[in-house]
>>> print(open('coords-v2.cif').read())   # mmCIF, C-alpha atoms
data_upload
#
loop_
_atom_site.label_atom_id
_atom_site.label_comp_id
_atom_site.auth_asym_id
_atom_site.auth_seq_id
_atom_site.Cartn_x
_atom_site.Cartn_y
_atom_site.Cartn_z
CA MET A 1 50.09 132.50 115.69
CA SER A 2 52.53 130.77 113.35
CA HIS A 3 51.51 129.57 109.90
CA GLU A 4 51.92 125.95 111.03
CA THR A 5 49.63 126.55 114.01
CA TRP A 6 46.97 128.03 111.75
CA GLN A 7 47.24 125.08 109.34
CA GLU A 8 46.96 122.66 112.25
CA GLN A 9 43.81 124.38 113.47
CA LEU A 10 42.27 124.10 110.01
CA ARG A 11 43.21 120.44 109.85
CA ARG A 12 41.76 119.62 113.24
CA GLY A 13 38.57 121.49 112.47
CA ALA A 14 38.09 119.55 109.24
CA LEU A 15 38.91 116.07 110.54
CA ASP A 16 35.48 115.16 111.94
CA LEU A 17 33.82 116.27 108.70
CA ALA A 18 36.36 114.34 106.62
CA ILE A 19 35.81 111.13 108.60
CA LEU A 20 32.01 111.40 108.38
CA LEU A 21 32.27 112.05 104.63
CA THR A 22 34.49 108.99 104.23
CA VAL A 23 32.05 106.72 106.04
CA SER A 24 29.01 108.23 104.30
CA THR A 25 29.71 106.17 101.15
CA GLY A 26 29.37 102.89 103.04
CA PRO A 27 30.79 100.90 105.96
CA ARG A 28 34.58 101.11 106.30
CA TYR A 29 37.07 99.80 108.84
CA GLY A 30 39.70 101.98 110.51
CA LEU A 31 42.61 101.45 108.12
CA ALA A 32 40.32 101.84 105.08
CA ILE A 33 39.14 105.19 106.48
CA ILE A 34 42.75 106.29 107.04
CA GLN A 35 43.77 105.21 103.52
CA HIS A 36 40.81 107.05 102.01
CA LEU A 37 41.72 110.21 103.94
CA GLU A 38 45.37 109.84 102.90
CA ALA A 39 44.37 109.41 99.26
CA PHE A 40 42.32 112.62 99.16
CA THR A 41 43.79 114.83 101.90
CA ASP A 42 46.80 115.35 104.13
CA LEU A 43 44.66 115.41 107.27
CA VAL A 44 46.17 112.27 108.80
CA VAL A 45 49.56 112.92 110.36
CA THR A 46 49.62 110.10 112.94
CA GLU A 47 47.46 107.14 112.01
CA GLY A 48 46.95 105.87 115.56
CA THR A 49 45.26 109.06 116.69
CA ILE A 50 42.39 108.61 114.22
CA TYR A 51 41.06 105.67 116.25
CA PRO A 52 40.21 107.72 119.37
CA ILE A 53 38.30 110.14 117.13
CA LEU A 54 36.37 107.22 115.62
CA GLY A 55 35.63 106.11 119.18
CA ARG A 56 34.34 109.56 120.12
CA LEU A 57 32.14 109.81 117.02
CA THR A 58 30.75 106.38 117.93
CA ARG A 59 30.05 107.43 121.53
CA GLU A 60 28.31 110.54 120.23
CA GLY A 61 26.03 108.27 118.18
CA LEU A 62 27.22 109.56 114.80
CA LEU A 63 28.86 106.26 113.86
CA GLU A 64 28.04 102.66 114.64
CA ALA A 65 30.87 100.15 115.09
CA THR A 66 30.70 96.42 114.40
CA TRP A 67 33.44 93.79 114.51
CA VAL A 68 33.58 91.51 111.48
CA GLU A 69 35.53 88.33 112.21
CA ASP A 70 35.53 86.24 109.05
CA GLU A 71 36.35 88.69 106.27
CA ALA A 72 40.14 88.77 106.65
CA PRO A 73 42.79 86.74 108.51
CA HIS A 74 42.26 89.21 111.39
CA PRO A 75 39.05 90.83 112.67
CA ARG A 76 38.11 94.27 111.36
CA LYS A 77 36.01 96.91 113.09
CA TYR A 78 33.63 98.48 110.60
CA TYR A 79 32.11 101.92 111.05
CA THR A 80 28.76 102.92 109.59
CA LEU A 81 27.13 106.33 109.54
CA THR A 82 24.00 106.40 111.72
CA ARG A 83 20.88 108.45 110.99
CA THR A 84 22.03 111.04 113.54
CA GLY A 85 25.44 111.01 111.87
CA ALA A 86 23.89 111.60 108.45
CA LYS A 87 21.94 114.56 109.78
CA ARG A 88 25.03 116.00 111.48
CA LEU A 89 27.01 115.49 108.26
CA ALA A 90 24.36 117.37 106.25
CA ASP A 91 24.54 120.27 108.75
CA MET A 92 28.33 120.27 108.68
CA LYS A 93 28.38 120.33 104.88
CA THR A 94 25.99 123.30 104.82
CA ASP A 95 28.12 125.12 107.39
CA TRP A 96 31.30 124.32 105.50
CA HIS A 97 29.95 125.62 102.16
CA ALA A 98 28.65 128.78 103.83
CA PHE A 99 31.97 129.33 105.57
CA VAL A 100 34.03 128.83 102.40
CA ALA A 101 31.69 131.12 100.43
CA LYS A 102 32.09 133.91 103.01
CA ILE A 103 35.87 133.64 103.08
CA ASP A 104 35.95 133.55 99.25
CA ARG A 105 33.82 136.69 99.13
CA LEU A 106 36.17 138.35 101.57
CA MET A 107 39.18 137.32 99.49
CA HIS A 108 37.63 138.64 96.27
CA ALA A 109 36.79 141.92 98.00
CA SER A 110 40.34 142.18 99.32
CA GLU A 111 41.87 141.37 95.89
CA GLY A 112 39.58 143.95 94.24
CA ARG A 113 40.81 146.65 96.63
CA GLN A 114 44.45 145.79 96.01
CA ARG A 115 44.12 146.24 92.22
CA MET B 1 54.95 89.90 105.26
CA ASN B 2 55.31 87.03 107.71
CA LEU B 3 56.95 88.31 110.84
CA THR B 4 59.98 86.62 112.38
CA GLU B 5 60.04 86.04 116.11
CA THR B 6 61.89 89.35 116.59
CA GLY B 7 59.30 91.23 114.54
CA GLN B 8 56.47 89.59 116.46
CA SER B 9 58.12 90.59 119.74
CA ARG B 10 58.36 94.19 118.55
CA VAL B 11 54.62 94.23 117.72
CA ASN B 12 53.74 92.59 121.04
CA GLY B 13 55.91 95.12 122.86
CA TYR B 14 54.12 98.02 121.15
CA LEU B 15 50.70 96.60 122.03
CA PHE B 16 51.82 95.87 125.60
CA VAL B 17 52.90 99.48 126.20
CA LEU B 18 49.68 100.77 124.61
CA GLU B 19 47.53 98.48 126.75
CA ARG B 20 49.39 99.43 129.94
CA SER B 21 48.99 103.14 129.16
CA LEU B 22 45.28 102.83 128.33
CA LYS B 23 44.59 100.80 131.47
CA THR B 24 45.49 103.76 133.65
CA PHE B 25 42.35 105.67 132.68
CA LEU B 26 40.00 103.44 130.65
CA PRO B 27 37.75 100.53 131.70
CA GLY B 28 39.01 97.05 130.84
CA ASP B 29 36.52 96.30 128.06
CA VAL B 30 37.27 99.61 126.32
CA VAL B 31 41.01 98.93 126.55
CA ARG B 32 40.62 95.45 125.07
CA ASP B 33 38.54 96.83 122.20
CA ALA B 34 41.03 99.65 121.50
CA VAL B 35 44.06 97.34 121.56
CA ARG B 36 42.26 94.84 119.34
CA GLU B 37 41.54 97.57 116.81
CA ILE B 38 45.13 98.83 116.80
CA GLU B 39 46.38 95.24 116.47
CA SER B 40 44.03 94.73 113.52
CA HIS B 41 45.49 97.88 111.93
CA LEU B 42 49.03 96.57 112.42
CA ARG B 43 48.25 93.10 111.06
CA GLU B 44 46.67 94.69 108.00
CA ARG B 45 49.65 96.99 107.40
CA ILE B 46 52.12 94.13 107.93
CA ALA B 47 50.24 91.87 105.52
CA ALA B 48 50.26 94.67 102.92
CA ALA B 49 54.03 95.06 103.29
CA ASP B 50 54.57 91.65 101.71
CA GLY B 51 57.81 91.51 99.77
CA ALA B 52 59.58 94.21 101.77
CA PRO B 53 63.32 93.43 101.65
CA ASN B 54 64.02 94.32 105.26
CA GLU B 55 61.49 93.34 107.93
CA ARG B 56 62.92 95.58 110.62
CA VAL B 57 62.85 98.71 108.44
CA ALA B 58 59.35 97.96 107.14
CA LEU B 59 58.01 97.26 110.63
CA GLU B 60 59.57 100.38 112.14
CA GLN B 61 58.01 102.47 109.39
CA ILE B 62 54.57 100.94 110.04
CA LEU B 63 54.91 101.63 113.76
CA ALA B 64 56.17 105.17 113.13
CA GLU B 65 53.17 105.94 110.92
CA LEU B 66 50.86 104.58 113.59
CA GLY B 67 52.57 106.79 116.20
CA PRO B 68 54.30 106.03 119.50
CA PRO B 69 52.04 103.99 121.84
CA LEU B 70 52.11 106.71 124.50
CA ARG B 71 50.93 109.32 121.99
CA VAL B 72 48.12 107.06 120.80
CA ALA B 73 47.12 106.43 124.43
CA GLN B 74 47.24 110.16 125.11
CA ALA B 75 44.90 110.77 122.17
CA TYR B 76 42.44 108.23 123.63
CA SER B 77 42.70 109.92 127.00
CA ALA B 78 42.07 113.39 125.57
CA GLU B 79 39.08 112.26 123.50
CA ARG B 80 37.60 110.22 126.30
CA ALA B 81 37.71 112.19 129.54
CA ILE B 82 35.95 115.35 128.40
CA ASP B 83 33.49 113.47 126.18
CA GLU B 84 32.35 111.18 128.96
CA ALA B 85 31.76 114.17 131.22
CA VAL B 86 29.82 116.11 128.58
CA ILE B 87 27.78 113.17 127.31
CA THR B 88 26.90 111.43 130.59
CA GLY B 89 26.99 114.45 132.93
CA ARG B 90 27.93 112.11 135.79
CA LEU B 91 29.65 113.73 138.74
CA VAL B 92 32.89 111.73 138.79
CA PRO B 93 33.66 112.15 135.04
CA VAL B 94 32.80 115.86 135.30
CA LEU B 95 35.17 116.33 138.24
CA SER B 96 37.83 114.25 136.53
CA ALA B 97 37.52 116.27 133.29
CA LEU B 98 37.66 119.53 135.24
CA TRP B 99 40.82 118.32 136.91
CA ARG B 100 42.40 117.74 133.49
CA VAL B 101 41.35 121.16 132.23
CA THR B 102 42.62 122.78 135.43
CA ALA B 103 46.08 121.48 134.72
CA LYS B 104 46.08 122.88 131.19
CA THR B 105 44.66 126.40 131.22
CA MET B 106 44.38 129.38 133.54
CA ILE B 107 40.66 129.78 132.80
CA GLY B 108 40.26 126.09 133.65
CA PHE B 109 41.88 126.70 137.01
CA TRP B 110 39.50 129.56 137.90
CA VAL B 111 36.44 127.65 136.72
CA ALA B 112 37.50 124.59 138.71
CA LEU B 113 37.94 126.81 141.77
CA ALA B 114 34.48 128.36 141.33
CA VAL B 115 32.92 124.94 140.76
CA SER B 116 34.63 123.52 143.86
CA ILE B 117 33.20 126.38 145.93
CA GLY B 118 29.76 125.73 144.42
CA TYR B 119 29.81 122.01 145.17
CA THR B 120 31.08 122.65 148.71
CA MET B 121 28.40 125.26 149.40
CA GLY B 122 25.62 123.08 148.00
CA GLY B 123 26.88 120.12 150.01
CA ALA B 124 27.08 122.26 153.17
CA PHE B 125 23.42 123.34 152.85
CA LEU B 126 22.32 119.71 152.45
CA PHE B 127 24.51 118.69 155.38
CA LEU B 128 22.93 121.32 157.63
CA ALA B 129 19.43 120.26 156.54
CA ALA B 130 20.29 116.66 157.45
CA MET B 131 21.85 117.63 160.81
CA LYS B 132 19.02 119.88 161.99
CA PRO B 133 16.70 117.03 163.17
CA LEU B 134 19.63 115.34 164.92
CA PHE B 135 21.00 118.48 166.63
CA PRO B 136 18.04 120.89 166.74
CA ASP B 137 19.70 123.19 169.29
CA ASN B 138 23.03 123.34 167.51
CA VAL B 139 22.08 123.87 163.87
CA GLY B 140 20.43 127.15 162.99
CA PHE B 141 20.36 130.53 161.35
CA TRP B 142 21.95 132.38 164.22
CA ALA B 143 21.04 135.95 165.21
CA ASP B 144 22.61 138.06 167.94
CA ASN B 145 20.39 138.23 171.04
CA GLU B 146 20.86 142.00 171.38
CA SER B 147 20.63 143.27 167.81
CA GLY B 148 18.44 140.45 166.52
CA ILE B 149 20.28 140.54 163.16
CA PRO B 150 20.85 137.08 161.65
CA ARG B 151 24.56 136.56 161.06
CA ASP B 152 25.31 133.05 159.93
CA LEU B 153 23.94 129.66 159.07
CA ALA B 154 25.98 127.15 160.99
CA MET B 155 26.29 124.17 163.28
CA ARG B 156 27.56 125.23 166.71
CA PHE B 157 28.86 123.17 169.63
CA PRO B 158 28.12 123.90 172.44
CA THR B 159 24.74 125.55 171.92
CA PRO B 160 25.26 129.34 171.72
CA THR B 161 24.00 131.42 174.62
CA ARG B 162 24.40 134.89 173.12
CA GLU B 163 22.65 133.99 169.89
CA HIS B 164 19.33 132.43 169.01
CA ASP B 165 18.08 130.47 165.98
CA VAL B 166 15.65 132.51 163.87
CA ALA B 167 14.78 129.80 161.34
CA GLY B 168 13.72 126.89 163.54
CA TYR B 169 12.70 123.81 161.60
CA TRP B 170 12.08 125.95 158.51
CA LEU B 171 15.81 125.66 158.06
CA ILE B 172 15.36 122.08 156.78
CA PRO B 173 13.23 122.74 153.67
CA VAL B 174 14.98 126.03 152.92
CA ALA B 175 18.48 124.54 153.19
CA LEU B 176 17.38 121.51 151.15
CA VAL B 177 16.00 123.66 148.33
CA VAL B 178 18.95 126.08 148.35
CA GLY B 179 21.45 123.19 148.51
CA ILE B 180 19.87 121.35 145.59
CA LEU B 181 19.63 124.56 143.54
CA VAL B 182 23.27 125.45 144.20
CA LEU B 183 24.45 121.91 143.36
CA ARG B 184 22.35 121.75 140.19
CA SER B 185 23.46 125.18 138.99
CA THR B 186 27.11 124.39 139.73
CA HIS B 187 26.93 121.05 137.96
CA ARG B 188 25.13 122.56 134.98
CA TYR B 189 27.71 125.33 134.75
CA ALA B 190 30.60 122.82 134.96
CA ARG B 191 29.07 120.70 132.20
CA ARG B 192 28.41 123.73 130.00
CA PHE B 193 31.98 124.91 130.49
CA LEU B 194 33.33 121.48 129.48
CA THR B 195 31.05 121.40 126.42
CA ARG B 196 32.38 124.78 125.28
CA TRP B 197 35.93 123.76 126.10
CA ARG B 198 35.52 120.61 124.02
CA GLU B 199 34.18 122.60 121.06
CA ARG B 200 37.03 125.09 121.30
CA ARG B 201 39.56 122.30 121.64
CA ALA B 202 38.39 120.86 118.31
CA LEU B 203 39.70 124.02 116.65
CA ALA B 204 42.59 124.82 118.96
CA SER B 205 45.47 123.20 120.80
CA PRO B 206 47.48 122.68 117.64
CA GLY B 207 49.37 119.44 117.32
CA GLN B 208 48.58 118.42 120.85
CA PHE B 209 46.90 115.08 120.53
CA VAL B 210 45.07 114.47 117.34
CA GLY B 211 46.16 113.44 113.87
#
>>> encode(input="coords-v2.cif", output="structure tokens")
Amino acid sequence: MSHETWQEQLRRGALDLAILLTVSTGPRYGLAIIQHLEAFTDLVVTEGTIYPILGRLTREGLLEATWVEDEAPHPRKYYTLTRTGAKRLADMKTDWHAFVAKIDRLMHASEGRQR
Amino acid sequence: MNLTETGQSRVNGYLFVLERSLKTFLPGDVVRDAVREIESHLRERIAAADGAPNERVALEQILAELGPPLRVAQAYSAERAIDEAVITGRLVPVLSALWRVTAKTMIGFWVALAVSIGYTMGGAFLFLAAMKPLFPDNVGFWADNESGIPRDLAMRFPTPTREHDVAGYWLIPVALVVGILVLRSTHRYARRFLTRWRERRALASPGQFVG
């Protein structure tokens, strides 16, 4: 596996968590979610492909989508975290912390051996 | 940025190609919603690019960041087909998703083959159960007259003379139960496979569709 492939796998694995985290602070529309992700991460490579993921998370009941017509010159589709989504996010955060802690421990052990 | 007629045509062209691509696999209302959302994204980006010296350059950059319409459509397709199968469990989406997976991986091909055999077998049992009352002398669990060993469950025309049916009308409930069990197990296995495949896909297939 090339380094780029490995990075891509990491990115894809983290994208659902990143989107749920972004929406957890309050309702956001698609572009606002993308801009938030771009401000904090480099997870978004092609903006248009975030929308199908938002659609999937909505179908899975983790997000709720609502069109707002009168806020801007054009309608915006806002996404809100549902109760199921909040629970899934909490689980994902726990898993993520546990995963990072294990890898960190492994890295420290490996660095200790090398010295 | 207020678009000129040329700029507007470019945006309309992008949305037209996206809509056409999405229409090949998504229901009309879902396509309309998706195109509306992408159009909203574009309008927002274009409005934010106010003051750009060159409309064409600014617009091309916005469209490039959004991604080619076919790639965006492909991402919708990838997210949608497997999800619908896993979430709803309906037969047609499951078969359609299996078909997609078959084309992509070797394991998908073998699973699709096994699932096809399962569905066919289950369907055949139900078919025989339904045919037994209509053709009682032709549908049966046939045993050789001499050895008396049952050999096959089948529908035979004309009625066999060297074999006899050992199941009689018991064939109906037995074939019904076996058929339903085989179909249910096959369908459950197909759905479970797609669920696992979807989970694995979230961490694999680098650079294929998403992001």
>>> closest_residue(input="coords-v2.cif", among="A:Ala98, A:Lys87, A:Arg105, A:Leu21", to="Phe40 of chain A", atoms="only C-alpha atoms")
A:Leu21
>>> atom_distance(input="coords-v2.cif", atom1="atom CA of Glu60 of chain A", atom2="atom CA of Ala114 of chain B")
28.3 Å
>>> resolve_selection(input="coords-v2.cif", expression="the PyMOL selection byres ((chain A and resi 83) around 12)", output="JSON, numbers by chain")
{"A": [20, 24, 61, 62, 63, 64, 80, 81, 82, 84, 85, 86, 87, 88, 89, 90]}
>>> resolve_selection(input="coords-v2.cif", expression="the PyMOL selection byres ((chain B and resi 82) around 12)", output="VMD selection string")
(chain A and resid 56) or (chain B and resid 75 to 81 83 to 90 92 to 101 190 to 199 201 to 202)
>>> interface_residues(input="coords-v2.cif", of="chain A", to="chain B", cutoff="7 Å", atoms="only C-alpha atoms", output="list in words")
Thr5, Glu8, Gln9, Arg12, Gly13, Leu31, Val44, Val45, Thr46, Glu47, Gly48, Thr49, Ile50, Pro52, Ile53, Arg56, His74, Pro75, Arg76 and Lys77 of chain A
>>> write_last_selection(input="coords-v2.cif", atoms="C-alpha atoms", output="PDB file, keeping the file's coordinate frame")
ATOM      1  CA  THR A   5      49.630 126.550 114.010  1.00  0.00           C
ATOM      2  CA  GLU A   8      46.960 122.660 112.250  1.00  0.00           C
ATOM      3  CA  GLN A   9      43.810 124.380 113.470  1.00  0.00           C
ATOM      4  CA  ARG A  12      41.760 119.620 113.240  1.00  0.00           C
ATOM      5  CA  GLY A  13      38.570 121.490 112.470  1.00  0.00           C
ATOM      6  CA  LEU A  31      42.610 101.450 108.120  1.00  0.00           C
ATOM      7  CA  VAL A  44      46.170 112.270 108.800  1.00  0.00           C
ATOM      8  CA  VAL A  45      49.560 112.920 110.360  1.00  0.00           C
ATOM      9  CA  THR A  46      49.620 110.100 112.940  1.00  0.00           C
ATOM     10  CA  GLU A  47      47.460 107.140 112.010  1.00  0.00           C
ATOM     11  CA  GLY A  48      46.950 105.870 115.560  1.00  0.00           C
ATOM     12  CA  THR A  49      45.260 109.060 116.690  1.00  0.00           C
ATOM     13  CA  ILE A  50      42.390 108.610 114.220  1.00  0.00           C
ATOM     14  CA  PRO A  52      40.210 107.720 119.370  1.00  0.00           C
ATOM     15  CA  ILE A  53      38.300 110.140 117.130  1.00  0.00           C
ATOM     16  CA  ARG A  56      34.340 109.560 120.120  1.00  0.00           C
ATOM     17  CA  HIS A  74      42.260  89.210 111.390  1.00  0.00           C
ATOM     18  CA  PRO A  75      39.050  90.830 112.670  1.00  0.00           C
ATOM     19  CA  ARG A  76      38.110  94.270 111.360  1.00  0.00           C
ATOM     20  CA  LYS A  77      36.010  96.910 113.090  1.00  0.00           C
TER      21      LYS A  77
END
>>> atom_distance(input="coords-v2.cif", atom1="atom CA of Lys93 of chain A", atom2="atom CA of Arg59 of chain A")
21.1 Å
>>> atom_distance(input="coords-v2.cif", atom1="atom CA of Glu71 of chain A", atom2="atom CA of Asn2 of chain B")
19.1 Å
>>> residues_near_point(input="coords-v2.cif", point="(22.1, 123.2, 170.0)", cutoff="8 Å", atoms="only C-alpha atoms", output="VMD selection string")
chain B and resid 135 to 139 155 to 160
>>> closest_residue(input="coords-v2.cif", among="B:Ala112, B:Leu22, B:Val57, B:Ala52", to="His187 of chain B", atoms="all atoms listed in the file")
B:Ala112
>>> residues_around(input="coords-v2.cif", residues="Ile149 of chain B", least_positions_apart="3", cutoff="12 Å", atoms="only C-alpha atoms", output="short mmCIF file (atom, residue, chain, number, x, y, z; two decimals) with C-alpha atoms, in the frame of the given file")
data_model
loop_
_atom_site.label_atom_id
_atom_site.label_comp_id
_atom_site.auth_asym_id
_atom_site.auth_seq_id
_atom_site.Cartn_x
_atom_site.Cartn_y
_atom_site.Cartn_z
CA PHE B 141 20.36 130.53 161.35
CA TRP B 142 21.95 132.38 164.22
CA ALA B 143 21.04 135.95 165.21
CA ASP B 144 22.61 138.06 167.94
CA ASN B 145 20.39 138.23 171.04
CA GLU B 146 20.86 142.00 171.38
CA ASP B 152 25.31 133.05 159.93
CA GLU B 163 22.65 133.99 169.89
CA HIS B 164 19.33 132.43 169.01
CA ASP B 165 18.08 130.47 165.98
CA VAL B 166 15.65 132.51 163.87
#
>>> resolve_selection(input="coords-v2.cif", expression="the PyMOL selection byres ((chain B and resi 4-8) around 8)", output="MDAnalysis selection string")
chainID B and resid 2:3 9:12 55:56 59
>>> residues_around(input="coords-v2.cif", residues="Ser185 of chain B", least_positions_apart="4", cutoff="10 Å", atoms="all atoms listed in the file", output="list in words")
Val115, Gly118, Tyr119, Gly122, Gly179, Ile180, Leu181, Tyr189, Ala190 and Arg191 of chain B
>>> closest_residue(input="coords-v2.cif", among="B:Arg32, B:Leu153, B:Met1, B:Tyr169", to="Asn54 of chain B", atoms="only C-alpha atoms")
B:Met1
>>> residues_near_point(input="coords-v2.cif", point="(43.5, 113.0, 102.2)", cutoff="12 Å", atoms="only C-alpha atoms", output="VMD selection string")
(chain A and resid 11 14 to 15 18 to 19 21 to 22 32 to 45) or (chain B and resid 211)
>>> build_atoms(input="coords-v2.cif", residues="segment 88-114 of chain B", atoms="N, CA and C atoms", output="PDB file, keeping the file's coordinate frame")
ATOM      1  N   THR B  88      27.653 112.070 129.495  1.00  0.00           N
ATOM      2  CA  THR B  88      26.900 111.430 130.590  1.00  0.00           C
ATOM      3  C   THR B  88      26.471 112.444 131.651  1.00  0.00           C
ATOM      4  N   GLY B  89      27.298 113.465 131.892  1.00  0.00           N
ATOM      5  CA  GLY B  89      26.990 114.450 132.930  1.00  0.00           C
ATOM      6  C   GLY B  89      27.160 113.896 134.334  1.00  0.00           C
ATOM      7  N   ARG B  90      27.754 112.701 134.454  1.00  0.00           N
ATOM      8  CA  ARG B  90      27.930 112.110 135.790  1.00  0.00           C
ATOM      9  C   ARG B  90      28.987 112.878 136.571  1.00  0.00           C
ATOM     10  N   LEU B  91      28.810 112.872 137.889  1.00  0.00           N
ATOM     11  CA  LEU B  91      29.650 113.730 138.740  1.00  0.00           C
ATOM     12  C   LEU B  91      31.132 113.392 138.634  1.00  0.00           C
ATOM     13  N   VAL B  92      31.460 112.100 138.759  1.00  0.00           N
ATOM     14  CA  VAL B  92      32.890 111.730 138.790  1.00  0.00           C
ATOM     15  C   VAL B  92      33.587 112.089 137.462  1.00  0.00           C
ATOM     16  N   PRO B  93      33.011 111.723 136.289  1.00  0.00           N
ATOM     17  CA  PRO B  93      33.660 112.150 135.040  1.00  0.00           C
ATOM     18  C   PRO B  93      33.770 113.671 134.898  1.00  0.00           C
ATOM     19  N   VAL B  94      32.746 114.396 135.386  1.00  0.00           N
ATOM     20  CA  VAL B  94      32.800 115.860 135.300  1.00  0.00           C
ATOM     21  C   VAL B  94      33.958 116.394 136.143  1.00  0.00           C
ATOM     22  N   LEU B  95      34.075 115.884 137.368  1.00  0.00           N
ATOM     23  CA  LEU B  95      35.170 116.330 138.240  1.00  0.00           C
ATOM     24  C   LEU B  95      36.523 115.939 137.654  1.00  0.00           C
ATOM     25  N   SER B  96      36.577 114.724 137.112  1.00  0.00           N
ATOM     26  CA  SER B  96      37.830 114.250 136.530  1.00  0.00           C
ATOM     27  C   SER B  96      38.224 115.106 135.325  1.00  0.00           C
ATOM     28  N   ALA B  97      37.234 115.436 134.474  1.00  0.00           N
ATOM     29  CA  ALA B  97      37.520 116.270 133.290  1.00  0.00           C
ATOM     30  C   ALA B  97      37.945 117.668 133.721  1.00  0.00           C
ATOM     31  N   LEU B  98      37.282 118.199 134.745  1.00  0.00           N
ATOM     32  CA  LEU B  98      37.660 119.530 135.240  1.00  0.00           C
ATOM     33  C   LEU B  98      39.097 119.529 135.744  1.00  0.00           C
ATOM     34  N   TRP B  99      39.463 118.443 136.388  1.00  0.00           N
ATOM     35  CA  TRP B  99      40.820 118.320 136.910  1.00  0.00           C
ATOM     36  C   TRP B  99      41.829 118.392 135.766  1.00  0.00           C
ATOM     37  N   ARG B 100      41.503 117.717 134.650  1.00  0.00           N
ATOM     38  CA  ARG B 100      42.400 117.740 133.490  1.00  0.00           C
ATOM     39  C   ARG B 100      42.519 119.139 132.916  1.00  0.00           C
ATOM     40  N   VAL B 101      41.362 119.819 132.809  1.00  0.00           N
ATOM     41  CA  VAL B 101      41.350 121.160 132.230  1.00  0.00           C
ATOM     42  C   VAL B 101      42.102 122.128 133.145  1.00  0.00           C
ATOM     43  N   THR B 102      41.945 121.928 134.456  1.00  0.00           N
ATOM     44  CA  THR B 102      42.620 122.780 135.430  1.00  0.00           C
ATOM     45  C   THR B 102      44.130 122.793 135.197  1.00  0.00           C
ATOM     46  N   ALA B 103      44.624 121.599 134.888  1.00  0.00           N
ATOM     47  CA  ALA B 103      46.080 121.480 134.720  1.00  0.00           C
ATOM     48  C   ALA B 103      46.557 122.137 133.429  1.00  0.00           C
ATOM     49  N   LYS B 104      45.642 122.424 132.511  1.00  0.00           N
ATOM     50  CA  LYS B 104      46.080 122.880 131.190  1.00  0.00           C
ATOM     51  C   LYS B 104      45.949 124.379 130.968  1.00  0.00           C
ATOM     52  N   THR B 105      44.893 124.984 131.533  1.00  0.00           N
ATOM     53  CA  THR B 105      44.660 126.400 131.220  1.00  0.00           C
ATOM     54  C   THR B 105      44.367 127.186 132.491  1.00  0.00           C
ATOM     55  N   MET B 106      44.635 128.486 132.404  1.00  0.00           N
ATOM     56  CA  MET B 106      44.380 129.380 133.540  1.00  0.00           C
ATOM     57  C   MET B 106      42.875 129.497 133.769  1.00  0.00           C
ATOM     58  N   ILE B 107      42.119 129.645 132.673  1.00  0.00           N
ATOM     59  CA  ILE B 107      40.660 129.780 132.800  1.00  0.00           C
ATOM     60  C   ILE B 107      40.092 128.505 133.438  1.00  0.00           C
ATOM     61  N   GLY B 108      40.688 127.359 133.066  1.00  0.00           N
ATOM     62  CA  GLY B 108      40.260 126.090 133.650  1.00  0.00           C
ATOM     63  C   GLY B 108      40.474 126.071 135.155  1.00  0.00           C
ATOM     64  N   PHE B 109      41.582 126.657 135.577  1.00  0.00           N
ATOM     65  CA  PHE B 109      41.880 126.700 137.010  1.00  0.00           C
ATOM     66  C   PHE B 109      40.812 127.511 137.754  1.00  0.00           C
ATOM     67  N   TRP B 110      40.465 128.704 137.226  1.00  0.00           N
ATOM     68  CA  TRP B 110      39.500 129.560 137.900  1.00  0.00           C
ATOM     69  C   TRP B 110      38.102 128.935 137.898  1.00  0.00           C
ATOM     70  N   VAL B 111      37.755 128.308 136.779  1.00  0.00           N
ATOM     71  CA  VAL B 111      36.440 127.650 136.720  1.00  0.00           C
ATOM     72  C   VAL B 111      36.390 126.500 137.718  1.00  0.00           C
ATOM     73  N   ALA B 112      37.464 125.718 137.774  1.00  0.00           N
ATOM     74  CA  ALA B 112      37.500 124.590 138.710  1.00  0.00           C
ATOM     75  C   ALA B 112      37.380 125.091 140.151  1.00  0.00           C
ATOM     76  N   LEU B 113      38.022 126.228 140.421  1.00  0.00           N
ATOM     77  CA  LEU B 113      37.940 126.810 141.770  1.00  0.00           C
ATOM     78  C   LEU B 113      36.496 127.213 142.085  1.00  0.00           C
ATOM     79  N   ALA B 114      35.860 127.904 141.128  1.00  0.00           N
ATOM     80  CA  ALA B 114      34.480 128.360 141.330  1.00  0.00           C
ATOM     81  C   ALA B 114      33.541 127.158 141.506  1.00  0.00           C
TER      82      ALA B 114
END
